[in-house]
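Below: target-v6.cif (mmCIF, C-alpha atoms)
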```
data_entry
loop_
_atom_site.group_PDB
_atom_site.id
_atom_site.type_symbol
_atom_site.label_atom_id
_atom_site.label_comp_id
_atom_site.auth_asym_id
_atom_site.auth_seq_id
_atom_site.Cartn_x
_atom_site.Cartn_y
_atom_site.Cartn_z
ATOM 1 C CA MET A 247 0.000 0.000 0.000
ATOM 2 C CA SER A 248 2.544 2.580 1.121
ATOM 3 C CA ASP A 249 4.895 1.922 -1.801
ATOM 4 C CA HIS A 250 2.206 2.472 -4.417
ATOM 5 C CA PRO A 251 3.129 5.501 -6.547
ATOM 6 C CA TRP A 252 0.270 7.771 -5.521
ATOM 7 C CA THR A 253 0.098 10.953 -7.551
ATOM 8 C CA TRP A 254 -2.481 12.863 -5.493
ATOM 9 C CA ARG A 255 -3.600 12.726 -1.908
ATOM 10 C CA THR A 256 -5.874 14.709 0.354
ATOM 11 C CA GLU A 257 -7.015 14.614 3.943
ATOM 12 C CA LYS A 258 -9.951 16.677 5.169
ATOM 13 C CA SER A 259 -12.347 16.943 8.069
ATOM 14 C CA ILE A 260 -15.734 18.182 6.976
ATOM 15 C CA PRO A 261 -18.883 19.202 8.869
ATOM 16 C CA SER A 262 -21.827 16.814 8.926
ATOM 17 C CA GLU A 263 -23.696 18.344 6.023
ATOM 18 C CA THR A 264 -24.133 16.852 2.579
ATOM 19 C CA GLY A 265 -22.944 20.015 0.800
ATOM 20 C CA ALA A 266 -19.507 19.645 2.413
ATOM 21 C CA GLY A 267 -19.401 16.029 1.280
ATOM 22 C CA GLN A 268 -20.126 17.100 -2.286
ATOM 23 C CA ARG A 269 -17.103 19.413 -2.378
ATOM 24 C CA VAL A 270 -14.741 16.581 -1.340
ATOM 25 C CA LEU A 271 -16.393 14.304 -3.858
ATOM 26 C CA GLU A 272 -15.890 16.807 -6.660
ATOM 27 C CA ASP A 273 -12.189 17.124 -5.805
ATOM 28 C CA VAL A 274 -11.686 13.362 -5.961
ATOM 29 C CA LEU A 275 -13.697 12.895 -9.159
ATOM 30 C CA GLY A 276 -11.798 15.771 -10.748
ATOM 31 C CA GLN A 277 -8.537 13.982 -9.972
ATOM 32 C CA LEU A 278 -9.770 10.706 -11.454
ATOM 33 C CA ALA A 279 -10.757 12.485 -14.660
ATOM 34 C CA ALA A 280 -7.408 14.328 -14.760
ATOM 35 C CA GLN A 281 -5.618 10.985 -14.389
ATOM 36 C CA GLN A 282 -7.516 9.496 -17.342
ATOM 37 C CA TRP A 283 -9.859 7.195 -15.447
ATOM 38 C CA GLY A 284 -12.698 5.911 -17.658
ATOM 39 C CA GLU A 285 -16.188 7.366 -17.469
ATOM 40 C CA HIS A 286 -17.751 4.097 -16.294
ATOM 41 C CA GLU A 287 -15.228 3.685 -13.480
ATOM 42 C CA VAL A 288 -15.622 7.302 -12.396
ATOM 43 C CA HIS A 289 -19.393 6.790 -12.246
ATOM 44 C CA GLY A 290 -18.945 3.723 -10.019
ATOM 45 C CA VAL A 291 -16.519 5.531 -7.704
ATOM 46 C CA HIS A 292 -18.881 8.532 -7.593
ATOM 47 C CA LEU A 293 -21.765 6.327 -6.480
ATOM 48 C CA ALA A 294 -19.695 4.434 -3.877
ATOM 49 C CA LEU A 295 -18.274 7.659 -2.391
ATOM 50 C CA GLU A 296 -21.672 9.332 -2.392
ATOM 51 C CA GLU A 297 -23.189 6.406 -0.497
ATOM 52 C CA ALA A 298 -20.296 6.243 1.987
ATOM 53 C CA LEU A 299 -20.362 10.003 2.670
ATOM 54 C CA VAL A 300 -24.143 10.052 3.114
ATOM 55 C CA ASN A 301 -23.868 7.071 5.474
ATOM 56 C CA ALA A 302 -21.200 8.863 7.550
ATOM 57 C CA ILE A 303 -23.045 12.203 7.650
ATOM 58 C CA ARG A 304 -26.628 10.999 8.086
ATOM 59 C CA HIS A 305 -26.420 7.621 9.768
ATOM 60 C CA GLY A 306 -23.052 7.900 11.542
ATOM 61 C CA ASN A 307 -23.060 11.491 12.775
ATOM 62 C CA ARG A 308 -26.849 11.845 12.454
ATOM 63 C CA SER A 309 -26.239 15.224 10.759
ATOM 64 C CA ASP A 310 -24.937 16.608 14.077
ATOM 65 C CA LYS A 311 -23.140 19.859 13.172
ATOM 66 C CA ASN A 312 -20.806 19.382 16.155
ATOM 67 C CA LYS A 313 -19.460 16.165 14.677
ATOM 68 C CA GLN A 314 -17.132 15.869 11.718
ATOM 69 C CA VAL A 315 -16.429 13.358 9.002
ATOM 70 C CA HIS A 316 -12.770 12.624 8.340
ATOM 71 C CA VAL A 317 -11.873 11.823 4.752
ATOM 72 C CA ALA A 318 -8.485 10.658 3.482
ATOM 73 C CA CYS A 319 -7.959 9.832 -0.160
ATOM 74 C CA LYS A 320 -5.127 8.797 -2.467
ATOM 75 C CA VAL A 321 -5.317 8.579 -6.236
ATOM 76 C CA SER A 322 -3.022 7.275 -8.954
ATOM 77 C CA PRO A 323 -3.683 6.458 -12.610
ATOM 78 C CA SER A 324 -4.313 2.837 -11.597
ATOM 79 C CA LYS A 325 -5.717 2.920 -8.077
ATOM 80 C CA LEU A 326 -7.912 4.822 -5.623
ATOM 81 C CA TRP A 327 -7.814 4.468 -1.841
ATOM 82 C CA VAL A 328 -10.245 6.271 0.421
ATOM 83 C CA GLN A 329 -10.997 6.217 4.125
ATOM 84 C CA ILE A 330 -14.125 7.804 5.568
ATOM 85 C CA GLN A 331 -14.557 7.971 9.330
ATOM 86 C CA ASP A 332 -17.444 9.448 11.282
ATOM 87 C CA GLU A 333 -17.785 10.278 14.976
ATOM 88 C CA GLY A 334 -20.867 8.131 15.525
ATOM 89 C CA PRO A 335 -21.184 4.905 17.529
ATOM 90 C CA GLY A 336 -20.686 2.703 14.455
ATOM 91 C CA PHE A 337 -22.754 -0.217 13.182
ATOM 92 C CA ASN A 338 -22.306 -3.810 12.106
ATOM 93 C CA PRO A 339 -22.447 -3.938 8.291
ATOM 94 C CA GLU A 340 -23.114 -7.692 8.469
ATOM 95 C CA GLU A 341 -26.449 -6.941 10.138
ATOM 96 C CA VAL A 342 -27.741 -4.875 7.226
ATOM 97 C CA PRO A 343 -30.291 -7.186 5.575
ATOM 98 C CA ASP A 344 -29.919 -8.241 1.950
ATOM 99 C CA CYS A 345 -32.399 -6.115 0.004
ATOM 100 C CA THR A 346 -32.117 -8.329 -3.081
ATOM 101 C CA GLU A 347 -34.029 -11.115 -1.294
ATOM 102 C CA PRO A 348 -37.503 -11.343 -2.887
ATOM 103 C CA ASP A 349 -39.321 -10.556 0.357
ATOM 104 C CA ARG A 350 -37.172 -7.452 0.932
ATOM 105 C CA LEU A 351 -37.110 -6.110 -2.620
ATOM 106 C CA GLU A 352 -39.726 -3.491 -1.781
ATOM 107 C CA VAL A 353 -37.986 -2.175 1.334
ATOM 108 C CA PRO A 354 -36.988 1.394 0.394
ATOM 109 C CA SER A 355 -33.635 1.563 2.236
ATOM 110 C CA GLY A 356 -30.451 -0.450 2.834
ATOM 111 C CA ARG A 357 -28.899 -0.499 -0.632
ATOM 112 C CA GLY A 358 -25.998 1.900 -0.121
ATOM 113 C CA ILE A 359 -23.430 -0.611 1.125
ATOM 114 C CA MET A 360 -24.445 -3.070 -1.574
ATOM 115 C CA LEU A 361 -23.676 -0.453 -4.229
ATOM 116 C CA MET A 362 -20.356 0.401 -2.560
ATOM 117 C CA ARG A 363 -19.315 -3.261 -2.657
ATOM 118 C CA ALA A 364 -20.467 -3.635 -6.259
ATOM 119 C CA PHE A 365 -18.518 -0.690 -7.603
ATOM 120 C CA MET A 366 -15.328 -0.850 -5.513
ATOM 121 C CA SER A 367 -12.634 -3.558 -5.448
ATOM 122 C CA ARG A 368 -12.512 -3.651 -1.643
ATOM 123 C CA VAL A 369 -14.789 -2.281 1.104
ATOM 124 C CA GLU A 370 -13.843 -2.876 4.726
ATOM 125 C CA TYR A 371 -15.196 -1.467 7.975
ATOM 126 C CA ASN A 372 -13.264 -1.212 11.213
ATOM 127 C CA THR A 373 -14.424 -3.209 14.233
ATOM 128 C CA ALA A 374 -16.385 -0.274 15.660
ATOM 129 C CA GLY A 375 -18.150 0.186 12.310
ATOM 130 C CA ASN A 376 -17.602 3.935 12.066
ATOM 131 C CA CYS A 377 -14.737 3.879 9.562
ATOM 132 C CA VAL A 378 -14.774 2.447 6.066
ATOM 133 C CA VAL A 379 -11.795 1.910 3.779
ATOM 134 C CA MET A 380 -12.494 1.439 0.082
ATOM 135 C CA GLU A 381 -10.162 0.676 -2.786
ATOM 136 C CA LYS A 382 -10.673 0.653 -6.492
ATOM 137 C CA GLU A 383 -8.142 -0.913 -8.806
ATOM 138 C CA ARG A 384 -8.541 -0.187 -12.468
ATOM 139 C CA ARG A 385 -8.961 -3.230 -14.639
ATOM 140 C CA ALA A 386 -6.307 -3.674 -17.326
ATOM 141 C CA GLU A 387 -8.858 -3.373 -20.133
ATOM 142 C CA ALA A 388 -10.562 -0.290 -18.697
ATOM 143 C CA GLY A 389 -10.301 2.817 -20.798
ATOM 144 C CA MET B 43 -52.245 20.942 -11.855
ATOM 145 C CA ALA B 44 -49.655 21.652 -9.188
ATOM 146 C CA ALA B 45 -46.344 23.252 -10.113
ATOM 147 C CA HIS B 46 -43.367 20.945 -10.291
ATOM 148 C CA ARG B 47 -39.763 21.954 -9.668
ATOM 149 C CA ARG B 48 -38.017 18.627 -10.114
ATOM 150 C CA LEU B 49 -40.253 17.145 -12.785
ATOM 151 C CA GLU B 50 -41.599 17.923 -16.239
ATOM 152 C CA VAL B 51 -45.052 16.411 -16.480
ATOM 153 C CA SER B 52 -46.986 15.876 -19.710
ATOM 154 C CA GLU B 53 -49.806 13.653 -20.884
ATOM 155 C CA VAL B 54 -49.876 11.212 -23.775
ATOM 156 C CA GLY B 55 -53.414 9.843 -23.987
ATOM 157 C CA ASP B 56 -54.248 8.607 -20.507
ATOM 158 C CA VAL B 57 -50.593 8.154 -19.536
ATOM 159 C CA THR B 58 -48.761 10.747 -17.464
ATOM 160 C CA VAL B 59 -45.212 11.067 -18.760
ATOM 161 C CA VAL B 60 -42.714 12.354 -16.214
ATOM 162 C CA ARG B 61 -39.249 13.605 -17.099
ATOM 163 C CA PHE B 62 -36.675 14.520 -14.496
ATOM 164 C CA VAL B 63 -35.275 18.043 -14.546
ATOM 165 C CA ASP B 64 -32.003 17.167 -12.762
ATOM 166 C CA ARG B 65 -29.141 15.178 -14.279
ATOM 167 C CA LYS B 66 -27.974 14.101 -10.837
ATOM 168 C CA ILE B 67 -30.507 13.349 -8.150
ATOM 169 C CA LEU B 68 -28.204 13.762 -5.207
ATOM 170 C CA ASP B 69 -28.716 15.931 -2.169
ATOM 171 C CA GLU B 70 -31.223 15.055 0.493
ATOM 172 C CA ALA B 71 -33.423 18.120 0.020
ATOM 173 C CA SER B 72 -33.726 17.477 -3.739
ATOM 174 C CA ILE B 73 -34.531 13.812 -3.166
ATOM 175 C CA GLN B 74 -37.198 14.704 -0.607
ATOM 176 C CA GLU B 75 -38.689 17.254 -2.973
ATOM 177 C CA LEU B 76 -38.574 14.803 -5.864
ATOM 178 C CA GLY B 77 -40.330 12.175 -3.762
ATOM 179 C CA GLN B 78 -43.073 14.590 -2.710
ATOM 180 C CA GLU B 79 -43.700 15.684 -6.305
ATOM 181 C CA LEU B 80 -43.886 12.079 -7.502
ATOM 182 C CA PHE B 81 -46.149 11.006 -4.649
ATOM 183 C CA MET B 82 -48.448 13.970 -5.271
ATOM 184 C CA LEU B 83 -49.081 12.768 -8.828
ATOM 185 C CA VAL B 84 -50.502 9.554 -7.399
ATOM 186 C CA GLU B 85 -52.026 10.605 -4.090
ATOM 187 C CA THR B 86 -53.391 14.076 -4.850
ATOM 188 C CA GLU B 87 -53.799 14.118 -8.601
ATOM 189 C CA LYS B 88 -54.874 10.449 -8.667
ATOM 190 C CA ARG B 89 -52.962 9.631 -11.836
ATOM 191 C CA LYS B 90 -53.211 5.922 -12.613
ATOM 192 C CA LYS B 91 -50.706 5.389 -15.414
ATOM 193 C CA LEU B 92 -47.246 6.817 -14.852
ATOM 194 C CA LEU B 93 -44.257 6.627 -17.156
ATOM 195 C CA LEU B 94 -40.958 7.895 -15.769
ATOM 196 C CA ASN B 95 -38.534 8.852 -18.525
ATOM 197 C CA PHE B 96 -34.937 8.803 -17.215
ATOM 198 C CA ALA B 97 -33.334 10.208 -20.391
ATOM 199 C CA LYS B 98 -31.818 13.183 -18.578
ATOM 200 C CA VAL B 99 -30.680 11.286 -15.486
ATOM 201 C CA ASP B 100 -27.052 10.236 -15.301
ATOM 202 C CA PHE B 101 -26.736 9.625 -11.563
ATOM 203 C CA LEU B 102 -29.068 7.984 -9.089
ATOM 204 C CA SER B 103 -28.186 7.180 -5.476
ATOM 205 C CA SER B 104 -29.755 4.604 -3.160
ATOM 206 C CA ALA B 105 -31.811 7.345 -1.475
ATOM 207 C CA ALA B 106 -33.468 8.140 -4.804
ATOM 208 C CA LEU B 107 -34.034 4.415 -5.414
ATOM 209 C CA GLY B 108 -35.895 4.369 -2.094
ATOM 210 C CA LYS B 109 -38.276 7.076 -3.357
ATOM 211 C CA LEU B 110 -38.939 5.083 -6.532
ATOM 212 C CA ILE B 111 -39.761 1.982 -4.465
ATOM 213 C CA THR B 112 -42.162 3.979 -2.308
ATOM 214 C CA LEU B 113 -43.720 5.465 -5.454
ATOM 215 C CA ASP B 114 -44.217 1.957 -6.849
ATOM 216 C CA LYS B 115 -46.065 0.957 -3.671
ATOM 217 C CA LYS B 116 -48.304 4.019 -3.844
ATOM 218 C CA VAL B 117 -49.116 3.407 -7.515
ATOM 219 C CA LYS B 118 -50.024 -0.219 -6.785
ATOM 220 C CA ALA B 119 -52.134 0.821 -3.785
ATOM 221 C CA ASN B 120 -53.979 3.161 -6.144
ATOM 222 C CA SER B 121 -54.517 0.315 -8.660
ATOM 223 C CA GLY B 122 -52.279 2.111 -11.136
ATOM 224 C CA LYS B 123 -49.379 1.153 -13.387
ATOM 225 C CA LEU B 124 -45.805 2.441 -13.295
ATOM 226 C CA LYS B 125 -43.222 2.035 -16.038
ATOM 227 C CA PHE B 126 -39.705 3.376 -16.569
ATOM 228 C CA SER B 127 -37.969 4.160 -19.847
ATOM 229 C CA ASN B 128 -34.795 5.619 -21.386
ATOM 230 C CA ILE B 129 -32.489 4.431 -18.623
ATOM 231 C CA ARG B 130 -28.835 4.796 -19.595
ATOM 232 C CA PRO B 131 -26.556 1.765 -19.071
ATOM 233 C CA GLU B 132 -24.808 3.138 -15.957
ATOM 234 C CA ILE B 133 -28.146 3.682 -14.251
ATOM 235 C CA TYR B 134 -29.532 0.346 -15.425
ATOM 236 C CA GLU B 135 -26.518 -1.293 -13.799
ATOM 237 C CA VAL B 136 -27.643 0.167 -10.450
ATOM 238 C CA PHE B 137 -31.122 -1.303 -10.952
ATOM 239 C CA ALA B 138 -29.576 -4.671 -11.901
ATOM 240 C CA ILE B 139 -27.170 -4.806 -8.922
ATOM 241 C CA THR B 140 -30.012 -4.089 -6.516
ATOM 242 C CA LYS B 141 -32.314 -6.453 -8.498
ATOM 243 C CA LEU B 142 -34.819 -3.632 -8.740
ATOM 244 C CA ASN B 143 -35.004 -4.382 -12.463
ATOM 245 C CA LYS B 144 -37.244 -7.278 -11.295
ATOM 246 C CA LEU B 145 -39.506 -4.969 -9.307
ATOM 247 C CA PHE B 146 -39.887 -2.223 -11.901
ATOM 248 C CA ASP B 147 -41.208 -2.556 -15.438
ATOM 249 C CA ILE B 148 -38.357 -1.061 -17.467
ATOM 250 C CA LYS B 149 -38.709 -0.414 -21.209
ATOM 251 C CA ASP B 150 -36.089 0.771 -23.702
ATOM 252 C CA ASP B 151 -37.838 3.950 -24.788
ATOM 253 C CA GLU B 152 -40.986 5.990 -24.329
ATOM 254 C CA ALA B 153 -42.793 4.425 -27.327
ATOM 255 C CA ASP B 154 -42.193 0.898 -25.998
ATOM 256 C CA ALA B 155 -43.397 1.898 -22.554
ATOM 257 C CA LEU B 156 -46.505 3.694 -23.827
ATOM 258 C CA ALA B 157 -47.444 0.667 -25.921
ATOM 259 C CA ALA B 158 -47.126 -1.587 -22.858
ATOM 260 C CA PHE B 159 -49.769 0.134 -20.686
#
```
Go ahead and express the file in the form of structure tokens.
Amino acid sequence: MSDHPWTWRTEKSIPSETGAGQRVLEDVLGQLAAQQWGEHEVHGVHLALEEALVNAIRHGNRSDKNKQVHVACKVSPSKLWVQIQDEGPGFNPEEVPDCTEPDRLEVPSGRGIMLMRAFMSRVEYNTAGNCVVMEKERRAEAG
Amino acid sequence: MAAHRRLEVSEVGDVTVVRFVDRKILDEASIQELGQELFMLVETEKRKKLLLNFAKVDFLSSAALGKLITLDKKVKANSGKLKFSNIRPEIYEVFAITKLNKLFDIKDDEADALAAF
């Protein structure tokens, strides 16, 4: 991890409001585009980051303006690493029910983590469940 | 008819065709507003046949998916029909991953969807 040739990195603490999350997101997506990441991959990363930031702000910090979300991100032409930590009590991602089960298909929430896992190469939570690390490795054939 | 900020609403025969104004349906306030406008079509205006055209939409988060699921329930409760059309591949992928392509009736374009009511 540490010897990967990262070409851009950032570390920010943002207030628990979605507008602040959007500004971080735009910075990261701008870097991916500048480093020639493909449109499809950028879309997937956008969705995963959006879901993770909303989870941290709304569900983790419960939009409490006194709490912050800590974002660290590293980008290279072939890889993205991002860590998002909130100041909430955490949760157990294994306890989030599978919304693709037929009897849960009509439940209107609980799909964020599923989308994060689908679009990123690796999604891992810490034991407390208030910090997620996600990685995306570009596939060789991706344009 | 009520004014809509997030939607463009028109009628083709007895079908209400809804187009989204925003390319990205992102922040919480917009999603709430979008949900209210969609629900109003069913609950207040009592529209039975709804076609949602996603041509303009290039980003949809799980929160917006939740509103669409709730809309589907309201339409069914009102004995109506809901169909989607013009979903670009990136968005369709989100429906496929979440298996919501099995819940919603998704057609390629508006003509296909209109013919299917």
Given the PyMOL selection byres ((chain A) within 12 of (chain B)), the residues it picks as JSON, numbers by chain: {"A": [263, 264, 265, 266, 267, 268, 271, 285, 286, 287, 288, 289, 290, 291, 292, 293, 294, 295, 296, 297, 298, 299, 300, 301, 303, 304, 309, 344, 345, 346, 347, 348, 349, 350, 351, 352, 353, 354, 355, 356, 357, 358, 359, 360, 361, 362, 363, 364, 365]}
Residues returned when the PyMOL selection byres ((chain B and resi 47) around 10) runs on this file, as a PyMOL selection string: chain B and resi 44-46+48-50+62-64+72+75-76+79
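The space between atom CA of A:Val315 and atom CA of A:Ala302 spans 6.7 Å.
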Surrounding residues of stretch 373-376 of chain A excluding itself and chain neighbours under 6 positions, 6 Å, only C-alpha atoms, as a list in words: Gln331, Asp332, Gly336, Phe337 and Asn338 of chain A
Gap from atom CA of B:Leu80 to atom CA of B:Glu53 - Å, one decimal: 14.7 Å
Two-atom distance - atom CA of B:Val84, atom CA of B:Tyr134 (Å):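 Value for the atom CA of B:Val84-atom CA of B:Tyr134 distance: 24.3 Å.
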For stretch 348-375 of chain A, supply N, CA and C atoms and format the output as a PDB file, in the coordinates of the input.
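What landed in selection.pdb:
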```pdb
ATOM      1  N   PRO A 348     -36.164 -11.685  -2.356  1.00  0.00           N
ATOM      2  CA  PRO A 348     -37.503 -11.343  -2.887  1.00  0.00           C
ATOM      3  C   PRO A 348     -38.430 -10.683  -1.867  1.00  0.00           C
ATOM      4  N   ASP A 349     -38.389 -11.133  -0.621  1.00  0.00           N
ATOM      5  CA  ASP A 349     -39.321 -10.556   0.357  1.00  0.00           C
ATOM      6  C   ASP A 349     -38.849  -9.200   0.880  1.00  0.00           C
ATOM      7  N   ARG A 350     -37.657  -8.767   0.486  1.00  0.00           N
ATOM      8  CA  ARG A 350     -37.172  -7.452   0.932  1.00  0.00           C
ATOM      9  C   ARG A 350     -36.979  -6.479  -0.235  1.00  0.00           C
ATOM     10  N   LEU A 351     -37.345  -6.926  -1.426  1.00  0.00           N
ATOM     11  CA  LEU A 351     -37.110  -6.110  -2.620  1.00  0.00           C
ATOM     12  C   LEU A 351     -37.838  -4.766  -2.551  1.00  0.00           C
ATOM     13  N   GLU A 352     -38.941  -4.730  -1.838  1.00  0.00           N
ATOM     14  CA  GLU A 352     -39.726  -3.491  -1.781  1.00  0.00           C
ATOM     15  C   GLU A 352     -39.399  -2.621  -0.569  1.00  0.00           C
ATOM     16  N   VAL A 353     -38.394  -3.012   0.203  1.00  0.00           N
ATOM     17  CA  VAL A 353     -37.986  -2.175   1.334  1.00  0.00           C
ATOM     18  C   VAL A 353     -37.184  -0.995   0.766  1.00  0.00           C
ATOM     19  N   PRO A 354     -37.588   0.261   1.082  1.00  0.00           N
ATOM     20  CA  PRO A 354     -36.988   1.394   0.394  1.00  0.00           C
ATOM     21  C   PRO A 354     -35.587   1.827   0.859  1.00  0.00           C
ATOM     22  N   SER A 355     -34.976   1.138   1.812  1.00  0.00           N
ATOM     23  CA  SER A 355     -33.635   1.563   2.236  1.00  0.00           C
ATOM     24  C   SER A 355     -32.710   0.355   2.375  1.00  0.00           C
ATOM     25  N   GLY A 356     -31.404   0.626   2.565  1.00  0.00           N
ATOM     26  CA  GLY A 356     -30.451  -0.450   2.834  1.00  0.00           C
ATOM     27  C   GLY A 356     -29.636  -0.897   1.632  1.00  0.00           C
ATOM     28  N   ARG A 357     -29.626  -0.082   0.563  1.00  0.00           N
ATOM     29  CA  ARG A 357     -28.899  -0.499  -0.632  1.00  0.00           C
ATOM     30  C   ARG A 357     -27.544   0.179  -0.820  1.00  0.00           C
ATOM     31  N   GLY A 358     -27.228   1.135   0.043  1.00  0.00           N
ATOM     32  CA  GLY A 358     -25.998   1.900  -0.121  1.00  0.00           C
ATOM     33  C   GLY A 358     -24.746   1.043  -0.069  1.00  0.00           C
ATOM     34  N   ILE A 359     -24.641   0.202   0.968  1.00  0.00           N
ATOM     35  CA  ILE A 359     -23.430  -0.611   1.125  1.00  0.00           C
ATOM     36  C   ILE A 359     -23.312  -1.619  -0.013  1.00  0.00           C
ATOM     37  N   MET A 360     -24.451  -2.137  -0.449  1.00  0.00           N
ATOM     38  CA  MET A 360     -24.445  -3.070  -1.574  1.00  0.00           C
ATOM     39  C   MET A 360     -23.833  -2.418  -2.818  1.00  0.00           C
ATOM     40  N   LEU A 361     -24.212  -1.166  -3.064  1.00  0.00           N
ATOM     41  CA  LEU A 361     -23.676  -0.453  -4.229  1.00  0.00           C
ATOM     42  C   LEU A 361     -22.190  -0.169  -4.050  1.00  0.00           C
ATOM     43  N   MET A 362     -21.783   0.168  -2.815  1.00  0.00           N
ATOM     44  CA  MET A 362     -20.356   0.401  -2.560  1.00  0.00           C
ATOM     45  C   MET A 362     -19.555  -0.858  -2.888  1.00  0.00           C
ATOM     46  N   ARG A 363     -20.035  -2.002  -2.418  1.00  0.00           N
ATOM     47  CA  ARG A 363     -19.315  -3.261  -2.657  1.00  0.00           C
ATOM     48  C   ARG A 363     -19.302  -3.616  -4.142  1.00  0.00           C
ATOM     49  N   ALA A 364     -20.386  -3.287  -4.835  1.00  0.00           N
ATOM     50  CA  ALA A 364     -20.467  -3.635  -6.259  1.00  0.00           C
ATOM     51  C   ALA A 364     -19.492  -2.822  -7.103  1.00  0.00           C
ATOM     52  N   PHE A 365     -19.307  -1.560  -6.737  1.00  0.00           N
ATOM     53  CA  PHE A 365     -18.518  -0.690  -7.603  1.00  0.00           C
ATOM     54  C   PHE A 365     -17.061  -0.544  -7.175  1.00  0.00           C
ATOM     55  N   MET A 366     -16.713  -0.958  -5.959  1.00  0.00           N
ATOM     56  CA  MET A 366     -15.328  -0.850  -5.513  1.00  0.00           C
ATOM     57  C   MET A 366     -14.680  -2.231  -5.472  1.00  0.00           C
ATOM     58  N   SER A 367     -13.338  -2.277  -5.491  1.00  0.00           N
ATOM     59  CA  SER A 367     -12.634  -3.558  -5.448  1.00  0.00           C
ATOM     60  C   SER A 367     -12.607  -4.114  -4.030  1.00  0.00           C
ATOM     61  N   ARG A 368     -12.580  -3.213  -3.041  1.00  0.00           N
ATOM     62  CA  ARG A 368     -12.512  -3.651  -1.643  1.00  0.00           C
ATOM     63  C   ARG A 368     -13.246  -2.637  -0.771  1.00  0.00           C
ATOM     64  N   VAL A 369     -14.079  -3.145   0.144  1.00  0.00           N
ATOM     65  CA  VAL A 369     -14.789  -2.281   1.104  1.00  0.00           C
ATOM     66  C   VAL A 369     -14.666  -2.942   2.469  1.00  0.00           C
ATOM     67  N   GLU A 370     -14.016  -2.278   3.397  1.00  0.00           N
ATOM     68  CA  GLU A 370     -13.843  -2.876   4.726  1.00  0.00           C
ATOM     69  C   GLU A 370     -14.151  -1.861   5.822  1.00  0.00           C
ATOM     70  N   TYR A 371     -14.894  -2.314   6.818  1.00  0.00           N
ATOM     71  CA  TYR A 371     -15.196  -1.467   7.975  1.00  0.00           C
ATOM     72  C   TYR A 371     -14.287  -1.851   9.135  1.00  0.00           C
ATOM     73  N   ASN A 372     -14.005  -0.889   9.985  1.00  0.00           N
ATOM     74  CA  ASN A 372     -13.264  -1.212  11.213  1.00  0.00           C
ATOM     75  C   ASN A 372     -14.197  -1.945  12.188  1.00  0.00           C
ATOM     76  N   THR A 373     -13.636  -2.421  13.282  1.00  0.00           N
ATOM     77  CA  THR A 373     -14.424  -3.209  14.233  1.00  0.00           C
ATOM     78  C   THR A 373     -15.588  -2.392  14.795  1.00  0.00           C
ATOM     79  N   ALA A 374     -15.328  -1.122  15.089  1.00  0.00           N
ATOM     80  CA  ALA A 374     -16.385  -0.274  15.660  1.00  0.00           C
ATOM     81  C   ALA A 374     -17.498  -0.005  14.641  1.00  0.00           C
ATOM     82  N   GLY A 375     -17.146  -0.055  13.355  1.00  0.00           N
ATOM     83  CA  GLY A 375     -18.150   0.186  12.310  1.00  0.00           C
ATOM     84  C   GLY A 375     -18.393   1.663  12.030  1.00  0.00           C
TER      85      GLY A 375
END
```
